[in-house]
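A.B. asks: Structure below; questions to follow.
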Amino acid sequence: MNVLKNLSQDKLGITSLIFIVVLTFVGIFAPLIAPNDPIAVNMQLRYASPSWEYLLGNDHLGRCILSRMLYGIQPSVLWVFVALAASVSIGAIVGFIAGYFRGNVDAVIMRICDVMLSFPVYVIAIAIVAILGVGLGNILIAFVLMKWAWFARIIRTSVMQYVELDYVKYAQAIGMSHPSIIVKHILPVTFSDIAVVASSSMGSMILQISGLSFLGLGIKAPNAEWGMMLSEAREVMFTRPELMIAPGVAIVMVVLAFNFLSDSLQVALHPQLRQSNQSQQKLKWFKAPAQHEKEVVK
Amino acid sequence: MIKNYIKRKYTIYLLFKQIMIITSMDKFHLIHIKCSDPPINMKVPKNIEQRERAILLKKVYCIIFVVCISSILVACTTTKEESSEIADELVYATVKDINDMNPHLYPGSMSAQGMVYESLVENTEKGIKPLLAEDWDISEDGTVYTFHLRKGVTFHDGEPFNADAVKQNMEAVQNNKEKHAWIKLSTKIVSVDVVDEHTVKLTLSEAYYPTLDELAMTRPYVFLSPKDFENGETKDGINGFHGTGPYQLAEHKVDQYAIFEANENYWAGAPKIKKITAKVLPAGETTLLALQKGEVNFIFTDDRGADSINMEGMEQLVQSGDYQLMRSKQMNTKMIVANSGNGVSPVSEKSVREAIWFAIDRETISRDIFYGSEEVAHTLFSPNINYANVALKERSYDMERAKELLEAAGWTVDTEGAVREKNGKKLSMKLYYDNNSPSQKAQSELIQHSLSMIGMELELVGEESTSIANRRSTGEYDLLFNQTWGLAYDPQSTVAAFTSEASYLHATKGIPNTEEFYQNIDSVLVSTDEENRKALYKDILTTVHDEAIFIPITNGNVTVIAPKNLQGISFKQTQYELPFEQMYFE
Amino acid sequence: MGIYIMKRMLITLPLLLAVSFLTFVLISFSPMEPAEVVLRAQEVPVITEELIEQTNEKLGFNKPFIVQYFHWLIACLQLDFGQSYVKNAPVWSLMGPAFMNTFKLTVISSFVIIAFSVLFGVLCALNERTAVDRLLRALLFGFTAVPAYWLGAIFIFVFSVKLDLLPTSGMDGAKSYILPVTVIALGYIGLYFRNIRSAMLNNLNEDYVLYGRASGLPENKITMHILRNSLQVAISIFCMAIPIILGGTVVIENVFAWPGLGSLSISAILSRDFPVIQAYVLIVAVAFVVFNMMSDILNATFNPRIRDGN
């Protein structure tokens, strides 16, 4: 548990982690925590100001904004996490195959990745929504379909570096089977890289998916989601700007937390970099996928 | 000496680099900054560093400053400045582009077409009045209409408007008959003959009482300069948009704006407002804001009955003192159309449709969503419409009744709050609304909630109005928002549309004894006997009411927000046009 | 150099082919029959089974999948993307202007991103670990976490409503570029300026700087070297930013009512205009590939190490 120990020395990192953990719990147990039914319409309370019963006030249908925020954690954060986990898993499997076995398998996989990475993720999300219809599930499918290629590529690079190491070569020489080499010798060392890559994508994925919900392509009414709440708030942006605050701040905080956590995780997983005086800014990369993958192509 | 030193350093550096790549995350960094290929850090002695930095700093600032300024300048010079002041002209906000202005097809914006093109006669509050025809005679048997055309009228391109032009236009419309099937007149016209320069004879296959009403419509029986025809036709596109109306299309930038200029040679005198711009803006607060800032100064309820800003915003504008709000009298009925012909959907069951009818809280919609500007509607046509004063049973908001209906029809539920089921099929439907109409969205959310209370699941789908119209004609829907067609069209055209593939054919297909029902509609339109007509309308309206095909919500009207000093704002008998030519600034 | 460019372009060709194939496959999953799409576009009022069959026969929609694909590809190469069945116009006549609008926004944003990334990057590098450095980094890092649509709405509220300085939306005049460009730039500067900063820092400590100084090279020459090397990073960022922004302006266009590809595609989805969606996916993907290729070539031009590595 070195990682946790390292992480605990980083105040920002540990705060972010705690924030995310608490948020996850609140999201999962929203039905128990939320003060009101998030979809209960009450036209008498249309745009009511905050009160003790409705701490954040009410929306255009008189629904409790606080409860909607809490229920909104699930689609806005937790489902995004599930989609991320799915695409990282696919990416990891494919990346391991490509990086470990090399040769033709690798070439074919990398060409497929090239093609997948030629489509901006928004565009594919739009195409999939056009075909399958509006819905959060469809957008998540689009993300899983597109993002795995990027993860596969990065994980492959990581794997390739470890495959060359002596102890792996030794393991191969003594006739260990490929799966057990991968599981026993490569997975543990690459795991930290995978964690870093995944955590760094989380923030941008939350932003992108909430953006699609904001456009009305994501979650369907009456369910609550932060991006959609913002789009509802935008309809009355000038008459009631205060409605923009809660969901907007929530998204910013979650994304910041994931970005900070991702940075801290990198340092925590690679403590030797702490000594390097430039490690901090060197490692603060995240987002902008197209950029990372490029060098690896060559 | 120095060379040696550097060499040694470099070897160490290379060594370090190897180690870094193998052991660290540095590779990501390499990937990230692909061309700088950073070496590991080697510190230069502090004192040199600081001195150099000061010098460097100044230079770098200078260069960056120049780069920034020049890039901003480049950005600015590439586009031209435009003032947002509007004087003596109207700029109206529209959520959709005016689209194809071909008056003999349907994709175009009707309010724009209404400015540019004119029909032979006009439907006014006091009945049919002359427009391009000054006078007309109808033969005894009602099959021959002779129109005496207005003299001295020219198209915007200078071509004369005469009997030939009328004949060519009418024939161009008739050559695309299938498209116009919703207007029964198109199926009745036998021939259009030129009698002399200013006289045209229209021969019908049988007497058809709404002939003049249908000739008065915004489209398709309006007139385009024959010079704009392509191969003598208009159905495959046209070369220009020259009508006879008070305004002509001057410029059109798709999805941005369209400019209409006053027709100085307009036969009824040049309009006072010289320029009207239709500016494409997203619905809602953007439009409200643009009005506040004066980027646009006019809005009105669009073709599809969507108000682009909500009532609260309108109130706010009026209170600001720069704008006035004008409302036409009750124009149409806003409703939800239930697709009774959709056999696989629960909506094909009468009891389900009735339950929806009972579960809609119209009072709340009228009070909280429309702020009282629209009254509750209980029937498809309000009783003051011709032939619509029929006694029909009222279905007011009654959740218990709705539940009973569903229970009785076999839609049952085990646990409170779950979705009802029947033979393993869920009581779940889709409601399509216009995504550009905030009020439709709010209504559908409210209705969704009410229906969930009676165990009915409603999925809301916001789409563009074209797509909704498309669904209406293909029958790919359960429920959708719609409205009756307005005073000039009700009831005859709306009722005729019950049988039209492009309109409500799918919605009415599920009525028992459809044969008889459609037969009634056909005969009511050609009936010459007033009493007979009344009886038939009563029959038709009672049937659709009992079957709960058209679930009325409120009575809609046309709302205009205009600058305070704009005078002469009036309304036509149709929700699709506004008489801009009568407006002027004071 | 020439060989590198040739090589890079040759790699791009099969990629483009694959991209177009995937687009074709993707849209062929759409619930509409292609024949029906064509008939709709022609505004045929009643679409019968026979009519669909006739159209299939006439336009080759019943041919093998791969043949259809090549038919479609050839048409696309001639910019014939079919007819939009909502707008009653050829798809290209809608896509062309929209693409230009999006492209203008993209290029101007990229310029601004590069200018400010360099500005902030150099500023931070030269003031490493001072208050300025920390503040700027924190601020820009913060902006990368702000949803663009939210920031856009706030900017409209502040600068258009409260201060009444800028137009709210649409695309007329230079002023209407300011808000969308700022919002786009703020999201990306935070990512890119770090690269400039570390490139600068590395350069400041590079051997050649040390060597130059030691051998008594004039300071301004050294400065030029440092800047030139750092600007390479800037150029490569610029090239990479264009395709990324091009594919991601959908939300911004929606917030600012920008008449570009993003707005067009959203309205196409909401009106189920499949020919437009297909053209949109293809055009953006092709632009993405082409700009990536151009960015690689430009990089290679400025940085011989890359092409030598190949």
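Letters for chains follow the order of the structure tokens (A, B, ...), residue numbers begin at 1 for each chain, and ligand numbers begin at 1 in the order shown.
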Please, which residues of segment 9-130 of chain C, numbered as in this document, come out helix (DSSP H, G or I) from DSSP, as a PyMOL selection string?

C.D. replies: chain C and resi 9-28+34-41+49-59+65-77+91-126

A.B. asks: Give me every strand (DSSP E) residue in segment 2-243 of chain C, going by DSSP on the backbone, as a PyMOL selection string.

C.D. replies: chain C and resi 83-84+89-90

A.B. asks: Just the residues within 8 Å of segment 430-442 of chain B, please, counting only C-alpha atoms, with nothing from its chain fewer than 2 positions along; format it as a PyMOL selection string.

C.D. replies: (chain A and resi 60-61+235) or (chain B and resi 95+282-284+306-310+369-370+428+444-446+458-465+468+477-481)

A.B. asks: Residues of the last selection are to be written out with C-alpha atoms, as a short mmCIF file (atom, residue, chain, number, x, y, z; two decimals), in the first residue's frame.

C.D. replies:
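Generated output (part_20.cif):
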```
data_model
loop_
_atom_site.label_atom_id
_atom_site.label_comp_id
_atom_site.auth_asym_id
_atom_site.auth_seq_id
_atom_site.Cartn_x
_atom_site.Cartn_y
_atom_site.Cartn_z
CA HIS A 60 -39.38 24.77 -13.95
CA LEU A 61 -41.66 21.92 -12.93
CA GLU A 235 -33.62 28.09 -21.13
CA VAL B 95 -35.73 29.32 -35.02
CA PRO B 282 -32.08 29.47 -31.27
CA ALA B 283 -35.28 29.50 -29.29
CA GLY B 284 -35.46 30.56 -25.69
CA ALA B 306 -44.18 27.37 -31.25
CA ASP B 307 -43.46 30.46 -29.24
CA SER B 308 -39.72 30.78 -29.12
CA ILE B 309 -39.65 32.53 -25.78
CA ASN B 310 -41.58 31.70 -22.67
CA ILE B 369 -47.23 27.28 -18.39
CA PHE B 370 -49.18 29.80 -20.45
CA SER B 428 -45.44 2.64 -22.61
CA SER B 444 -44.91 17.15 -22.10
CA GLU B 445 -42.91 16.89 -18.89
CA LEU B 446 -45.98 17.71 -16.89
CA LEU B 458 -44.32 8.20 -21.50
CA GLU B 459 -41.04 8.65 -23.28
CA LEU B 460 -40.42 12.20 -24.46
CA VAL B 461 -38.67 12.81 -27.74
CA GLY B 462 -37.86 16.36 -28.84
CA GLU B 463 -37.39 16.69 -32.58
CA GLU B 464 -37.48 19.41 -35.19
CA SER B 465 -40.89 20.24 -36.55
CA ILE B 468 -42.52 15.57 -36.52
CA TYR B 477 -45.43 7.73 -33.70
CA ASP B 478 -47.68 7.07 -30.74
CA LEU B 479 -48.47 10.61 -29.68
CA LEU B 480 -47.37 13.97 -30.99
CA PHE B 481 -48.03 17.63 -30.42
#
```

A.B. asks: Env of Val80 of chain A: 8 Å cut, atoms = only C-alpha atoms, seq-sep filter 2 positions within chain, self excluded. Answer as a PyMOL selection string.

C.D. replies: chain A and resi 75-78+82-84+140+202+205-206+209

A.B. asks: Convert the current residue selection to file output with N, CA and C atoms, as a tab-separated table (two decimals), in the first residue's frame.

C.D. replies:
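Here's the written file part-v4.tsv:
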```tsv
chain	number	residue	atom	x	y	z
A	75	PRO	N	-25.78	9.14	-13.30
A	75	PRO	CA	-25.48	9.23	-14.73
A	75	PRO	C	-24.29	10.13	-15.04
A	76	SER	N	-24.10	11.20	-14.29
A	76	SER	CA	-23.06	12.16	-14.63
A	76	SER	C	-21.67	11.65	-14.31
A	77	VAL	N	-21.54	10.89	-13.25
A	77	VAL	CA	-20.20	10.46	-12.83
A	77	VAL	C	-20.06	8.94	-12.85
A	78	LEU	N	-20.98	8.26	-12.20
A	78	LEU	CA	-20.79	6.82	-12.01
A	78	LEU	C	-20.88	6.05	-13.32
A	82	VAL	N	-18.16	3.75	-15.34
A	82	VAL	CA	-18.38	2.40	-15.87
A	82	VAL	C	-17.92	2.33	-17.33
A	83	ALA	N	-18.30	3.36	-18.11
A	83	ALA	CA	-17.91	3.37	-19.52
A	83	ALA	C	-16.39	3.41	-19.64
A	84	LEU	N	-15.78	4.21	-18.78
A	84	LEU	CA	-14.32	4.31	-18.80
A	84	LEU	C	-13.70	2.96	-18.48
A	140	LEU	N	-22.78	6.42	-24.11
A	140	LEU	CA	-21.74	5.65	-23.43
A	140	LEU	C	-21.18	4.57	-24.36
A	202	MET	N	-10.73	10.52	-17.12
A	202	MET	CA	-12.03	10.61	-16.47
A	202	MET	C	-12.60	12.03	-16.57
A	205	MET	N	-13.78	12.93	-20.00
A	205	MET	CA	-14.96	12.17	-20.38
A	205	MET	C	-16.22	12.71	-19.71
A	206	ILE	N	-16.09	13.08	-18.44
A	206	ILE	CA	-17.25	13.67	-17.76
A	206	ILE	C	-17.68	14.92	-18.50
A	209	ILE	N	-19.31	13.96	-21.99
A	209	ILE	CA	-20.62	13.32	-21.91
A	209	ILE	C	-21.67	14.29	-21.39
```

A.B. asks: Show me, as a list in words, the residues that have an atom within 9 Å of Gly57 of chain A when counting only C-alpha atoms, minus same-chain residues fewer than 3 positions from it.

C.D. replies: Leu45, Tyr47, Ala48, Ser49, Pro50, Ser51, Glu53, Tyr54, Gly62, Arg63, Cys64, Ile65, Leu66 and Leu243 of chain A

A.B. asks: Skipping near chain neighbours, those fewer than 5 positions away, what residues fall within 9 Å of Phe21 of chain C using only C-alpha atoms, listed as a ChimeraX atom specification?

C.D. replies: /C:16,26,69,73

A.B. asks: Contacts from chain C to chain A, 7 Å maximum, only C-alpha atoms: show me the residue list as a list of chain:residue names.

C.D. replies: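 Residues passing the distance filter: C:Leu15, C:Ala18, C:Val19, C:Phe29, C:Ser30, C:Pro31, C:Gly142, C:Ala145, C:Val146, C:Pro147, C:Trp150, C:Ser198, C:Met240, C:Gly247, C:Gly248, C:Val251, C:Ile269, C:Arg272, C:Ile277, C:Val281, C:Ala285, C:Phe288, C:Val289.
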
A.B. asks: Near chain B, which residues of chain C fall within 8 Å when you count only C-alpha atoms, and what do they look like as number ranges by chain?

C.D. replies: C: 43-46, 86-88, 94, 108, 111-112, 115-116, 118-119, 122-123, 126, 161, 164, 168-175, 195, 199, 202, 205-207, 210-211, 214, 219, 223, 227, 229-230, 232-233, 236, 257, 259, 267, 270-272, 299, 303, 305-306

A.B. asks: Keeping only C-alpha atoms, take the residues you just selected and write them out as a PDB file, in the first residue's frame.

C.D. replies:
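The result, written out as result-v9.pdb:
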```
ATOM      1  CA  GLU C  43     -40.842  14.282 -51.799  1.00  0.00           C
ATOM      2  CA  VAL C  44     -42.750  11.346 -53.155  1.00  0.00           C
ATOM      3  CA  PRO C  45     -45.946  11.473 -51.129  1.00  0.00           C
ATOM      4  CA  VAL C  46     -46.845   7.819 -50.948  1.00  0.00           C
ATOM      5  CA  VAL C  86     -35.352  18.282 -44.867  1.00  0.00           C
ATOM      6  CA  LYS C  87     -33.818  21.276 -46.565  1.00  0.00           C
ATOM      7  CA  ASN C  88     -34.682  20.290 -50.110  1.00  0.00           C
ATOM      8  CA  LEU C  94     -25.391  22.914 -46.810  1.00  0.00           C
ATOM      9  CA  ILE C 108      -8.831  31.696 -35.284  1.00  0.00           C
ATOM     10  CA  PHE C 111      -4.146  31.129 -33.395  1.00  0.00           C
ATOM     11  CA  VAL C 112      -5.356  32.518 -30.133  1.00  0.00           C
ATOM     12  CA  ALA C 115      -0.439  32.957 -28.994  1.00  0.00           C
ATOM     13  CA  PHE C 116      -1.554  32.705 -25.406  1.00  0.00           C
ATOM     14  CA  VAL C 118       3.325  30.766 -25.816  1.00  0.00           C
ATOM     15  CA  LEU C 119       2.716  33.903 -23.797  1.00  0.00           C
ATOM     16  CA  VAL C 122       7.178  31.622 -21.534  1.00  0.00           C
ATOM     17  CA  LEU C 123       5.919  33.782 -18.718  1.00  0.00           C
ATOM     18  CA  LEU C 126      10.882  32.594 -16.972  1.00  0.00           C
ATOM     19  CA  VAL C 161     -26.219  40.995 -20.954  1.00  0.00           C
ATOM     20  CA  ASP C 164     -23.583  44.881 -23.174  1.00  0.00           C
ATOM     21  CA  THR C 168     -24.982  37.285 -27.857  1.00  0.00           C
ATOM     22  CA  SER C 169     -24.756  34.827 -30.677  1.00  0.00           C
ATOM     23  CA  GLY C 170     -24.693  34.259 -34.372  1.00  0.00           C
ATOM     24  CA  MET C 171     -21.931  35.105 -36.757  1.00  0.00           C
ATOM     25  CA  ASP C 172     -21.878  38.646 -37.938  1.00  0.00           C
ATOM     26  CA  GLY C 173     -18.817  40.757 -37.677  1.00  0.00           C
ATOM     27  CA  ALA C 174     -15.513  40.317 -35.911  1.00  0.00           C
ATOM     28  CA  LYS C 175     -17.109  40.941 -32.538  1.00  0.00           C
ATOM     29  CA  ASN C 195       4.190  22.000 -23.084  1.00  0.00           C
ATOM     30  CA  ALA C 199      10.002  23.089 -23.492  1.00  0.00           C
ATOM     31  CA  ASN C 202      14.373  22.408 -20.884  1.00  0.00           C
ATOM     32  CA  ASN C 205      18.989  24.316 -19.387  1.00  0.00           C
ATOM     33  CA  GLU C 206      20.039  22.705 -22.630  1.00  0.00           C
ATOM     34  CA  ASP C 207      23.611  21.945 -23.419  1.00  0.00           C
ATOM     35  CA  LEU C 210      25.565  26.299 -21.867  1.00  0.00           C
ATOM     36  CA  TYR C 211      27.913  25.659 -24.737  1.00  0.00           C
ATOM     37  CA  ALA C 214      30.742  29.179 -22.621  1.00  0.00           C
ATOM     38  CA  GLU C 219      23.150  36.613 -25.755  1.00  0.00           C
ATOM     39  CA  THR C 223      17.844  33.766 -27.100  1.00  0.00           C
ATOM     40  CA  LEU C 227      12.865  30.729 -28.859  1.00  0.00           C
ATOM     41  CA  ASN C 229      13.324  25.583 -30.376  1.00  0.00           C
ATOM     42  CA  SER C 230      10.385  26.433 -28.196  1.00  0.00           C
ATOM     43  CA  GLN C 232       8.694  24.262 -32.704  1.00  0.00           C
ATOM     44  CA  VAL C 233       6.578  23.011 -29.879  1.00  0.00           C
ATOM     45  CA  SER C 236       3.272  21.336 -33.540  1.00  0.00           C
ATOM     46  CA  ALA C 257     -25.725  29.749 -32.399  1.00  0.00           C
ATOM     47  CA  PRO C 259     -23.932  28.394 -38.187  1.00  0.00           C
ATOM     48  CA  SER C 267     -30.332  19.833 -36.288  1.00  0.00           C
ATOM     49  CA  LEU C 270     -33.248  16.202 -34.499  1.00  0.00           C
ATOM     50  CA  SER C 271     -34.830  16.109 -37.936  1.00  0.00           C
ATOM     51  CA  ARG C 272     -33.468  12.646 -38.782  1.00  0.00           C
ATOM     52  CA  ASN C 299       6.587  18.963 -37.594  1.00  0.00           C
ATOM     53  CA  ASN C 303      12.278  19.058 -36.585  1.00  0.00           C
ATOM     54  CA  ARG C 305      14.917  14.384 -35.754  1.00  0.00           C
ATOM     55  CA  ILE C 306      11.456  13.057 -36.495  1.00  0.00           C
TER      56      ILE C 306
END
```

A.B. asks: Any idea what's packed within 12 Å of Ile14 of chain A, counting only C-alpha atoms, ignoring anything in its chain fewer than 5 positions away? Could you give it as a PyMOL selection string?

C.D. replies: chain A and resi 3-9+19-21+257-258+260-265+268

A.B. asks: Write the residues you've just listed into a file as an mmCIF file, in the first residue's frame, and include C-alpha atoms for each of them.

C.D. replies:
```
data_model
loop_
_atom_site.group_PDB
_atom_site.id
_atom_site.type_symbol
_atom_site.label_atom_id
_atom_site.label_comp_id
_atom_site.auth_asym_id
_atom_site.auth_seq_id
_atom_site.Cartn_x
_atom_site.Cartn_y
_atom_site.Cartn_z
ATOM 1 C CA VAL A 3 0.640 4.115 -3.285
ATOM 2 C CA LEU A 4 -1.818 5.141 -0.635
ATOM 3 C CA LYS A 5 0.978 6.176 1.635
ATOM 4 C CA ASN A 6 2.516 8.278 -1.070
ATOM 5 C CA LEU A 7 -0.822 9.701 -1.942
ATOM 6 C CA SER A 8 -1.576 10.596 1.639
ATOM 7 C CA GLN A 9 1.403 12.923 1.634
ATOM 8 C CA PHE A 19 -14.217 13.943 -2.326
ATOM 9 C CA ILE A 20 -14.652 11.389 -5.089
ATOM 10 C CA VAL A 21 -15.244 8.525 -2.679
ATOM 11 C CA ALA A 257 -11.020 16.418 -8.353
ATOM 12 C CA PHE A 258 -10.353 13.767 -10.991
ATOM 13 C CA PHE A 260 -5.896 16.513 -9.317
ATOM 14 C CA LEU A 261 -6.212 12.890 -8.364
ATOM 15 C CA SER A 262 -4.763 11.827 -11.675
ATOM 16 C CA ASP A 263 -1.748 14.072 -11.166
ATOM 17 C CA SER A 264 -1.214 12.891 -7.635
ATOM 18 C CA LEU A 265 -1.599 9.302 -8.698
ATOM 19 C CA ALA A 268 2.381 8.409 -6.039
#
```

A.B. asks: What separation in Å, quoted to one decimal, exists between atom CA of Val560 of chain B and atom CA of Tyr371 of chain B?

C.D. replies: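 Between atom CA of Val560 of chain B and atom CA of Tyr371 of chain B the gap is 15.9 Å.
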
A.B. asks: Measuring atom to atom with only C-alpha atoms, identify which of B:Ser373, B:Gln483, B:Ser366, B:Thr528 is nearest to chain A.

C.D. replies: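 Looking at the shortest contact to chain A, the residue is B:Ser366.
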
A.B. asks: So which one's closest to Ala207 of chain B, B:Ala338, B:Pro563, B:Ser523, B:Lys167? Using only C-alpha atoms, please.

C.D. replies: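 Looking only at the distances to Ala207 of chain B, the closest residue turns out to be B:Ser523.
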
A.B. asks: Interatomic distance between atom CA of Met294 of chain C and atom CA of Leu261 of chain C?

C.D. replies: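 Between atom CA of Met294 of chain C and atom CA of Leu261 of chain C the gap is 21.3 Å.
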
A.B. asks: If I take atom CA of Val91 of chain C and atom CA of Pro275 of chain C, how far is one from the other in Å, to one decimal?

C.D. replies: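 Atom CA of Val91 of chain C sits 7.0 Å away from atom CA of Pro275 of chain C.
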
A.B. asks: Nearest to Ile66 of chain C: which of C:Val25, C:Gly82, C:Glu49, C:Ile244 is it, counting only C-alpha atoms?

C.D. replies: C:Val25

A.B. asks: Could you check which of A:Ala40, A:Met69, A:Val88, A:Val236 is closest to Phe191 of chain A, using only C-alpha atoms?

C.D. replies: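 Closest candidate: A:Val88.
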